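Colleague: What follows is the file protein-v7.cif, containing mmCIF, C-alpha atoms:
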```cif
data_my_file
#
loop_
_atom_site.label_atom_id
_atom_site.label_comp_id
_atom_site.auth_asym_id
_atom_site.auth_seq_id
_atom_site.Cartn_x
_atom_site.Cartn_y
_atom_site.Cartn_z
CA MET A 22 0.00 0.00 0.00
CA ILE A 23 1.29 3.48 -0.87
CA GLN A 24 1.43 5.72 2.17
CA ASN A 25 0.87 9.47 1.93
CA SER A 26 3.91 11.54 2.87
CA VAL A 27 3.54 13.44 6.15
CA THR A 28 5.79 15.68 8.21
CA ARG A 29 7.13 14.29 11.48
CA ALA A 30 8.83 16.17 14.34
CA VAL A 31 12.00 14.14 14.88
CA VAL A 32 14.37 14.52 17.83
CA ILE A 33 17.87 15.39 16.58
CA GLY A 34 19.53 16.54 19.81
CA THR A 35 19.24 16.53 23.61
CA GLY A 36 21.04 18.29 26.43
CA HIS A 37 20.72 19.16 30.09
CA TYR A 38 22.19 21.29 32.83
CA LEU A 39 22.26 20.85 36.60
CA PRO A 40 23.47 23.49 39.07
CA GLU A 41 26.76 22.69 40.80
CA ARG A 42 25.31 22.61 44.31
CA VAL A 43 24.23 19.09 45.27
CA VAL A 44 22.01 18.80 48.35
CA PRO A 45 21.78 15.35 49.99
CA ASN A 46 18.83 14.33 52.13
CA SER A 47 20.97 14.63 55.25
CA ALA A 48 21.10 18.41 54.74
CA PHE A 49 17.47 18.69 55.90
CA ALA A 50 17.91 16.76 59.16
CA ASP A 51 19.23 19.73 61.13
CA THR A 52 16.16 21.91 60.56
CA LEU A 53 13.34 19.43 59.97
CA ASP A 54 11.94 16.31 61.63
CA THR A 55 13.14 14.11 58.78
CA SER A 56 15.94 11.77 57.75
CA ASP A 57 17.51 10.26 54.67
CA GLU A 58 15.62 7.01 55.34
CA TRP A 59 12.27 8.85 55.65
CA ILE A 60 12.75 10.76 52.38
CA VAL A 61 14.04 7.78 50.38
CA SER A 62 11.30 5.44 51.59
CA ARG A 63 8.53 7.86 50.59
CA SER A 64 9.93 9.32 47.39
CA GLY A 65 13.03 7.49 46.19
CA ILE A 66 14.92 10.80 46.25
CA GLU A 67 18.50 10.74 47.55
CA ARG A 68 19.80 14.13 46.44
CA ARG A 69 18.89 17.15 44.35
CA HIS A 70 20.58 20.21 42.84
CA PHE A 71 19.87 23.80 43.92
CA ALA A 72 20.67 26.84 41.81
CA ALA A 73 23.24 29.32 43.12
CA LYS A 74 22.00 32.71 44.31
CA ASP A 75 23.00 34.36 41.05
CA GLU A 76 21.58 31.57 38.82
CA ARG A 77 18.15 32.11 37.29
CA THR A 78 15.86 29.81 35.37
CA SER A 79 16.92 31.41 32.08
CA ASP A 80 20.58 30.65 32.90
CA LEU A 81 19.82 26.97 33.45
CA ALA A 82 17.69 26.87 30.29
CA ALA A 83 20.38 28.49 28.15
CA GLN A 84 23.00 26.01 29.38
CA ALA A 85 20.74 23.08 28.48
CA ALA A 86 20.02 24.69 25.10
CA ARG A 87 23.72 24.97 24.28
CA ALA A 88 24.25 21.32 25.24
CA ALA A 89 21.40 20.24 22.94
CA LEU A 90 22.81 22.29 20.05
CA ASP A 91 26.21 20.66 20.56
CA ASN A 92 24.62 17.21 20.70
CA ALA A 93 22.69 17.84 17.48
CA GLY A 94 25.64 19.46 15.74
CA VAL A 95 23.55 22.43 14.59
CA GLY A 96 23.76 26.18 15.13
CA ALA A 97 21.34 28.38 17.06
CA ASP A 98 20.74 30.33 13.85
CA THR A 99 18.97 27.27 12.40
CA LEU A 100 16.19 27.38 15.03
CA ASP A 101 12.77 28.67 13.96
CA ALA A 102 11.25 28.65 17.45
CA ILE A 103 12.10 28.20 21.13
CA ILE A 104 9.50 27.00 23.63
CA VAL A 105 10.32 26.96 27.35
CA ALA A 106 8.14 25.10 29.84
CA THR A 107 8.49 26.62 33.32
CA SER A 108 6.52 27.63 36.41
CA THR A 109 9.44 29.56 37.91
CA PRO A 110 10.33 32.28 35.38
CA ASP A 111 12.93 34.95 36.11
CA TYR A 112 10.30 37.68 35.81
CA THR A 113 6.55 38.03 35.41
CA PHE A 114 7.57 39.06 31.91
CA PRO A 115 9.41 38.89 29.55
CA SER A 116 9.37 35.16 28.93
CA VAL A 117 12.29 32.91 29.77
CA ALA A 118 12.26 31.78 26.13
CA THR A 119 13.10 35.24 24.83
CA MET A 120 16.02 35.48 27.23
CA VAL A 121 17.29 32.10 26.05
CA GLN A 122 16.85 33.22 22.45
CA ALA A 123 19.08 36.24 23.07
CA GLY A 124 21.53 34.28 25.22
CA ILE A 125 22.28 31.60 22.63
CA GLY A 126 22.09 33.87 19.58
CA ALA A 127 19.02 32.29 17.98
CA ASP A 128 18.27 35.51 16.09
CA LYS A 129 15.79 33.96 13.64
CA ALA A 130 13.65 32.18 16.24
CA TYR A 131 10.41 33.33 17.80
CA ALA A 132 10.09 32.38 21.45
CA PHE A 133 7.45 31.86 24.13
CA ASP A 134 6.84 30.11 27.46
CA VAL A 135 4.32 27.39 28.36
CA GLN A 136 3.02 27.01 31.91
CA ALA A 137 1.45 23.69 32.86
CA VAL A 138 3.59 23.02 35.95
CA CYS A 139 5.00 19.47 35.96
CA ALA A 140 3.12 18.65 32.74
CA GLY A 141 4.66 21.71 31.08
CA PHE A 142 7.18 19.84 28.96
CA ILE A 143 4.48 17.52 27.58
CA TYR A 144 2.36 20.55 26.66
CA ALA A 145 5.41 22.25 25.11
CA LEU A 146 6.25 19.14 23.07
CA ALA A 147 2.68 18.98 21.78
CA ASN A 148 2.83 22.65 20.78
CA ALA A 149 6.19 22.20 19.05
CA ASN A 150 4.85 19.18 17.18
CA ALA A 151 1.81 21.18 16.03
CA LEU A 152 4.05 24.01 14.76
CA ILE A 153 6.15 21.58 12.76
CA VAL A 154 3.29 19.48 11.39
CA SER A 155 1.40 22.63 10.33
CA GLY A 156 4.46 24.04 8.58
CA GLN A 157 4.88 27.06 10.86
CA ALA A 158 8.36 25.91 11.90
CA ARG A 159 10.92 23.40 10.69
CA ARG A 160 13.22 23.26 13.70
CA VAL A 161 12.09 23.88 17.28
CA MET A 162 14.01 23.89 20.54
CA VAL A 163 11.88 22.67 23.48
CA ILE A 164 13.21 23.31 26.99
CA GLY A 165 12.01 22.49 30.48
CA ALA A 166 13.68 24.62 33.18
CA GLU A 167 12.89 25.25 36.83
CA THR A 168 14.26 26.81 40.02
CA PHE A 169 11.70 25.35 42.41
CA SER A 170 14.03 25.99 45.34
CA ARG A 171 12.81 29.61 45.12
CA ILE A 172 9.21 28.70 46.00
CA MET A 173 9.82 26.24 48.83
CA ASP A 174 8.54 26.63 52.37
CA TRP A 175 11.58 25.32 54.22
CA THR A 176 9.47 24.52 57.30
CA ASP A 177 7.21 22.11 55.37
CA ARG A 178 8.92 18.73 55.26
CA SER A 179 6.18 17.25 53.06
CA THR A 180 7.24 19.45 50.12
CA CYS A 181 10.66 21.07 50.52
CA VAL A 182 12.58 17.77 50.49
CA LEU A 183 11.02 16.69 47.19
CA PHE A 184 12.00 19.36 44.67
CA GLY A 185 15.15 20.38 42.85
CA ASP A 186 16.42 22.71 40.13
CA GLY A 187 17.62 21.93 36.63
CA ALA A 188 16.96 22.16 32.91
CA GLY A 189 16.72 19.86 29.93
CA ALA A 190 16.31 20.55 26.22
CA LEU A 191 15.69 18.78 22.97
CA ILE A 192 15.59 19.85 19.34
CA LEU A 193 12.83 18.74 16.99
CA ASP A 194 13.37 18.78 13.24
CA ALA A 195 10.79 18.51 10.44
CA GLN A 196 11.43 15.31 8.49
CA PRO A 197 9.31 13.33 6.02
CA GLY A 198 7.40 10.29 7.19
CA THR A 199 4.87 7.86 5.81
CA GLY A 200 2.18 8.39 8.43
CA ALA A 201 2.72 4.88 9.76
CA PRO A 202 3.71 3.91 13.34
CA GLY A 203 7.16 2.95 12.07
CA ASP A 204 8.06 6.59 11.38
CA ARG A 205 10.65 8.34 13.53
CA GLY A 206 9.46 11.38 15.47
CA ILE A 207 6.40 12.29 17.51
CA LEU A 208 3.64 9.81 16.70
CA SER A 209 0.90 11.09 19.01
CA THR A 210 0.06 13.44 21.86
CA ASP A 211 -2.66 13.43 24.51
CA LEU A 212 -3.35 16.47 26.70
CA ASN A 213 -5.80 16.79 29.60
CA ALA A 214 -6.78 19.18 32.39
CA ASP A 215 -9.26 19.39 35.27
CA GLY A 216 -9.22 22.71 37.13
CA ARG A 217 -11.61 21.43 39.79
CA HIS A 218 -8.58 19.88 41.53
CA ARG A 219 -6.44 23.01 41.66
CA ASP A 220 -6.25 22.99 45.47
CA LEU A 221 -4.35 19.68 45.47
CA LEU A 222 -1.15 21.28 44.17
CA TYR A 223 -0.65 25.03 43.90
CA VAL A 224 1.45 28.03 44.91
CA ASP A 225 -0.20 30.40 47.41
CA GLY A 226 0.94 33.59 45.68
CA GLY A 227 0.77 35.40 42.39
CA VAL A 228 0.76 38.73 40.58
CA SER A 229 -2.98 39.42 40.76
CA SER A 230 -3.63 37.78 44.16
CA THR A 231 -0.91 38.45 46.74
CA GLY A 232 1.69 40.29 44.68
CA THR A 233 4.29 37.79 45.94
CA ALA A 234 5.81 34.64 44.52
CA GLY A 235 4.26 32.49 47.27
CA TYR A 236 5.10 28.96 48.39
CA LEU A 237 4.25 25.56 46.99
CA ARG A 238 1.41 23.72 48.74
CA MET A 239 0.47 20.10 48.10
CA GLN A 240 -1.94 17.41 49.31
CA GLY A 241 0.46 14.58 48.61
CA ASN A 242 -1.87 11.61 49.13
CA GLN A 243 -4.52 13.04 46.83
CA VAL A 244 -1.98 13.92 44.15
CA PHE A 245 -0.62 10.35 44.31
CA ARG A 246 -4.11 8.90 43.86
CA HIS A 247 -4.79 11.00 40.78
CA ALA A 248 -1.29 10.56 39.35
CA VAL A 249 -1.12 6.79 38.92
CA GLU A 250 -4.59 6.49 37.42
CA LYS A 251 -4.32 9.49 35.08
CA LEU A 252 -0.76 8.82 33.93
CA ALA A 253 -1.51 5.23 32.93
CA GLN A 254 -4.71 6.33 31.20
CA THR A 255 -3.09 9.11 29.18
CA ALA A 256 -0.20 6.84 28.16
CA GLU A 257 -2.64 4.18 26.94
CA THR A 258 -4.64 6.79 25.03
CA ALA A 259 -1.53 8.21 23.37
CA LEU A 260 -0.37 4.71 22.38
CA GLU A 261 -3.78 3.95 20.89
CA LYS A 262 -3.66 7.20 18.89
CA ALA A 263 -0.24 6.16 17.57
CA GLY A 264 -1.51 2.73 16.54
CA LEU A 265 0.71 1.03 19.09
CA GLY A 266 0.31 -0.95 22.31
CA ALA A 267 2.29 -1.44 25.50
CA ARG A 268 4.08 -4.41 23.89
CA ASP A 269 5.63 -2.01 21.36
CA VAL A 270 7.16 0.28 24.00
CA ASP A 271 10.92 0.21 24.52
CA TRP A 272 11.12 2.91 27.19
CA ILE A 273 8.88 4.86 29.52
CA VAL A 274 10.40 8.24 30.40
CA PRO A 275 8.02 9.57 33.07
CA HIS A 276 7.89 12.79 35.03
CA GLN A 277 10.28 12.19 37.91
CA ALA A 278 8.10 13.09 40.87
CA ASN A 279 8.09 10.07 43.13
CA ILE A 280 9.41 6.53 42.66
CA ARG A 281 6.15 5.03 43.91
CA ILE A 282 4.14 6.92 41.27
CA ILE A 283 6.63 5.80 38.61
CA GLN A 284 6.40 2.17 39.77
CA GLY A 285 2.60 2.28 40.01
CA THR A 286 2.23 3.69 36.50
CA ALA A 287 4.60 1.11 34.99
CA LYS A 288 2.67 -1.68 36.72
CA LYS A 289 -0.66 -0.44 35.36
CA LEU A 290 0.85 -0.39 31.86
CA GLY A 291 2.19 -3.91 32.37
CA LEU A 292 5.80 -2.90 31.81
CA PRO A 293 8.81 -3.81 33.99
CA MET A 294 10.91 -1.17 35.72
CA GLU A 295 13.83 -2.28 33.55
CA GLN A 296 12.10 -0.37 30.74
CA VAL A 297 11.71 2.83 32.75
CA ILE A 298 14.33 5.59 32.82
CA VAL A 299 14.57 6.78 36.42
CA THR A 300 16.53 9.84 37.57
CA VAL A 301 14.44 10.93 40.56
CA GLN A 302 17.07 9.64 43.00
CA ASP A 303 19.62 12.14 41.70
CA HIS A 304 17.49 15.16 40.72
CA GLY A 305 14.37 15.11 42.87
CA ASN A 306 11.23 16.54 41.30
CA THR A 307 12.36 19.23 38.85
CA SER A 308 8.82 19.80 37.55
CA ALA A 309 8.82 20.73 33.84
CA ALA A 310 12.56 20.01 33.63
CA SER A 311 12.34 16.39 34.78
CA ILE A 312 11.37 14.71 31.49
CA PRO A 313 13.93 16.44 29.25
CA LEU A 314 16.55 15.84 31.95
CA ALA A 315 15.69 12.14 31.97
CA LEU A 316 15.67 11.97 28.15
CA SER A 317 19.11 13.59 28.00
CA VAL A 318 20.47 11.25 30.68
CA GLY A 319 18.95 8.32 28.78
CA VAL A 320 20.82 9.32 25.64
CA GLU A 321 24.04 10.03 27.54
CA SER A 322 23.92 6.62 29.23
CA GLY A 323 23.37 4.82 25.93
CA LYS A 324 19.92 3.51 26.84
CA LEU A 325 17.90 5.50 24.32
CA LYS A 326 18.73 4.46 20.76
CA GLN A 327 17.43 5.45 17.36
CA GLY A 328 14.25 3.55 16.52
CA ASP A 329 13.17 3.02 20.15
CA VAL A 330 9.52 3.68 20.95
CA VAL A 331 9.33 6.07 23.91
CA VAL A 332 6.31 6.98 26.02
CA THR A 333 6.70 10.05 28.17
CA GLU A 334 3.98 11.29 30.53
CA ALA A 335 3.47 13.80 33.34
CA ILE A 336 0.90 15.28 35.69
CA GLY A 337 1.10 18.58 37.55
CA GLY A 338 -0.83 21.35 39.22
CA GLY A 339 -4.00 22.38 37.49
CA LEU A 340 -4.51 19.50 37.41
CA ALA A 341 -2.90 19.18 33.99
CA TRP A 342 -1.58 15.93 32.53
CA GLY A 343 -0.69 14.27 29.27
CA ALA A 344 1.54 11.94 27.28
CA VAL A 345 3.61 11.91 24.12
CA VAL A 346 4.57 8.83 22.09
CA LEU A 347 7.59 9.13 19.84
CA ARG A 348 9.98 6.93 17.97
CA TRP A 349 13.53 8.02 18.77
#
```
Just give me the structure of the file as structure tokens.
Modeller:
Amino acid sequence: MIQNSVTRAVVIGTGHYLPERVVPNSAFADTLDTSDEWIVSRSGIERRHFAAKDERTSDLAAQAARAALDNAGVGADTLDAIIVATSTPDYTFPSVATMVQAGIGADKAYAFDVQAVCAGFIYALANANALIVSGQARRVMVIGAETFSRIMDWTDRSTCVLFGDGAGALILDAQPGTGAPGDRGILSTDLNADGRHRDLLYVDGGVSSTGTAGYLRMQGNQVFRHAVEKLAQTAETALEKAGLGARDVDWIVPHQANIRIIQGTAKKLGLPMEQVIVTVQDHGNTSAASIPLALSVGVESGKLKQGDVVVTEAIGGGLAWGAVVLRW
């Protein structure tokens, strides 16, 4: 059968950046009623990175962007667009993306931010895919970058031990495909939201409410309950849209929030943990940065190889959640 030619958004480069400061679980024991054993048993997190006082989200994002350009072997002047997923921008405006654009010399690229908290990178990927498929861009840099250490309540042990700072980036390139599941590139996306659950995970500040940045607040047990169910469901939906099933998956690259959520989602999908890329132990929850960080680490470690089918999924405040299926 002759297949119609379609445009696919294919990954051609990945990169990441982590601040130099590494904070082990033991660092919290002096000020909080907690311990390394308590944190590891509940989250799987052993350490995380915190940005230096003079490091901003745009700095982390630009470093990850440069690493992705080096990995792809392309110049910043070849980018048509830059999308940054973040909930911790440097300023109310301008966007982090425009600062990255200037910082890396991507003079021809338009740039904007996406805010969907921990699901931000999934939303950004879906937007980048739509730009490429519709012909509005041929090469798009997608970045997830966060400095969540700036919105932590350091007296709340249920949240402040979970989060970290970092950035990850990938470059998508328009390439011809057949429209079949065997194509390289993004094969499907699935996005969801339910604002009725906004009180489960939010920041208690903002420009038009308190005029302050605020602190992160979370009902952990409720978030866990929603996460496993919704992540497995969105992954299954995205696979169905792609014409694939769980048996076709080589790797799950999930949002790195909590090892128990990651394990629960893999179990619901019927996939072993050996097929899951896990970085939560080293990075903590870096929100929108966690998936591109894990993708970059997966490439760096030699796990992710061309032709692999990858499912990546995330859920965050909103609630907002979704999944992307791509062939590497």
Colleague: Which residues are near Asn306 in chain A? Cut-off 9 Å, only C-alpha atoms, ignore same chain within fewer than 2 positions. Put them as a VMD selection string.
Modeller: chain A and resid 66 69 139 169 183 to 186 276 to 279 301 304 308 to 311
Colleague: Keeping only C-alpha atoms, write those residues as a compact mmCIF listing (two decimals), in the frame of the given file.
Modeller:
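As a result, again_35.txt now contains:
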```txt
# COMPACT_ATOMS: atom_id res chain seq x y z
CA ILE A 66 14.92 10.80 46.25
CA ARG A 69 18.89 17.15 44.35
CA CYS A 139 5.00 19.47 35.96
CA PHE A 169 11.70 25.35 42.41
CA LEU A 183 11.02 16.69 47.19
CA PHE A 184 12.00 19.36 44.67
CA GLY A 185 15.15 20.38 42.85
CA ASP A 186 16.42 22.71 40.13
CA HIS A 276 7.89 12.79 35.03
CA GLN A 277 10.28 12.19 37.91
CA ALA A 278 8.10 13.09 40.87
CA ASN A 279 8.09 10.07 43.13
CA VAL A 301 14.44 10.93 40.56
CA HIS A 304 17.49 15.16 40.72
CA SER A 308 8.82 19.80 37.55
CA ALA A 309 8.82 20.73 33.84
CA ALA A 310 12.56 20.01 33.63
CA SER A 311 12.34 16.39 34.78
```
Colleague: Residues picked by the PyMOL selection byres ((chain A and resi 159) around 9) here, as a PyMOL selection string?
Modeller: chain A and resi 30+100-102+152-154+156-158+160-161+193-196
Colleague: Generate the output file for the selected residues, C-alpha atoms, as a PDB file, keeping the file's coordinate frame.
Modeller:
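Done, and the output landed in out-v8.pdb:
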```pdb
ATOM      1  CA  ALA A  30       8.830  16.170  14.340  1.00  0.00           C
ATOM      2  CA  LEU A 100      16.190  27.380  15.030  1.00  0.00           C
ATOM      3  CA  ASP A 101      12.770  28.670  13.960  1.00  0.00           C
ATOM      4  CA  ALA A 102      11.250  28.650  17.450  1.00  0.00           C
ATOM      5  CA  LEU A 152       4.050  24.010  14.760  1.00  0.00           C
ATOM      6  CA  ILE A 153       6.150  21.580  12.760  1.00  0.00           C
ATOM      7  CA  VAL A 154       3.290  19.480  11.390  1.00  0.00           C
ATOM      8  CA  GLY A 156       4.460  24.040   8.580  1.00  0.00           C
ATOM      9  CA  GLN A 157       4.880  27.060  10.860  1.00  0.00           C
ATOM     10  CA  ALA A 158       8.360  25.910  11.900  1.00  0.00           C
ATOM     11  CA  ARG A 160      13.220  23.260  13.700  1.00  0.00           C
ATOM     12  CA  VAL A 161      12.090  23.880  17.280  1.00  0.00           C
ATOM     13  CA  LEU A 193      12.830  18.740  16.990  1.00  0.00           C
ATOM     14  CA  ASP A 194      13.370  18.780  13.240  1.00  0.00           C
ATOM     15  CA  ALA A 195      10.790  18.510  10.440  1.00  0.00           C
ATOM     16  CA  GLN A 196      11.430  15.310   8.490  1.00  0.00           C
TER      17      GLN A 196
END
```
Colleague: Exactly which residues make up the result of the PyMOL selection byres ((chain A and resi 129) around 9) on this file, given as an MDAnalysis selection string?
Modeller: chainID A and resid 97:102 122 126:128 130:131
Colleague: In Å, with one decimal, what is the gap from CA of Arg42 in chain A to CA of Ser170 in chain A?
Modeller: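 It comes out at 11.8 Å.
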Colleague: Taking into account all atoms listed in the file, which residue in the set A:Ala89, A:Thr176, A:Val331, A:Leu292 is nearest to Asp51 in chain A?
Modeller: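 Ranking A:Ala89, A:Thr176, A:Val331, A:Leu292 by distance to Asp51 in chain A, first place goes to A:Thr176.
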Colleague: Which is closer to Ala166 in chain A than all the others in A:Val297, A:Ala118, A:Leu146, A:Ile283, using only C-alpha atoms?
Modeller: A:Ala118
Colleague: In Å to one decimal, how far is CA of Leu260 in chain A from CA of Gly206 in chain A?
Modeller: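 The value is 13.7 Å.
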Colleague: Counting all atoms listed in the file, figure out which residue out of A:Arg238, A:Arg205, A:Arg29, A:Lys326 gets nearest to Ala149 in chain A.
Modeller: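 Between A:Arg238, A:Arg205, A:Arg29, A:Lys326, the residue approaching Ala149 in chain A most closely is A:Arg29.
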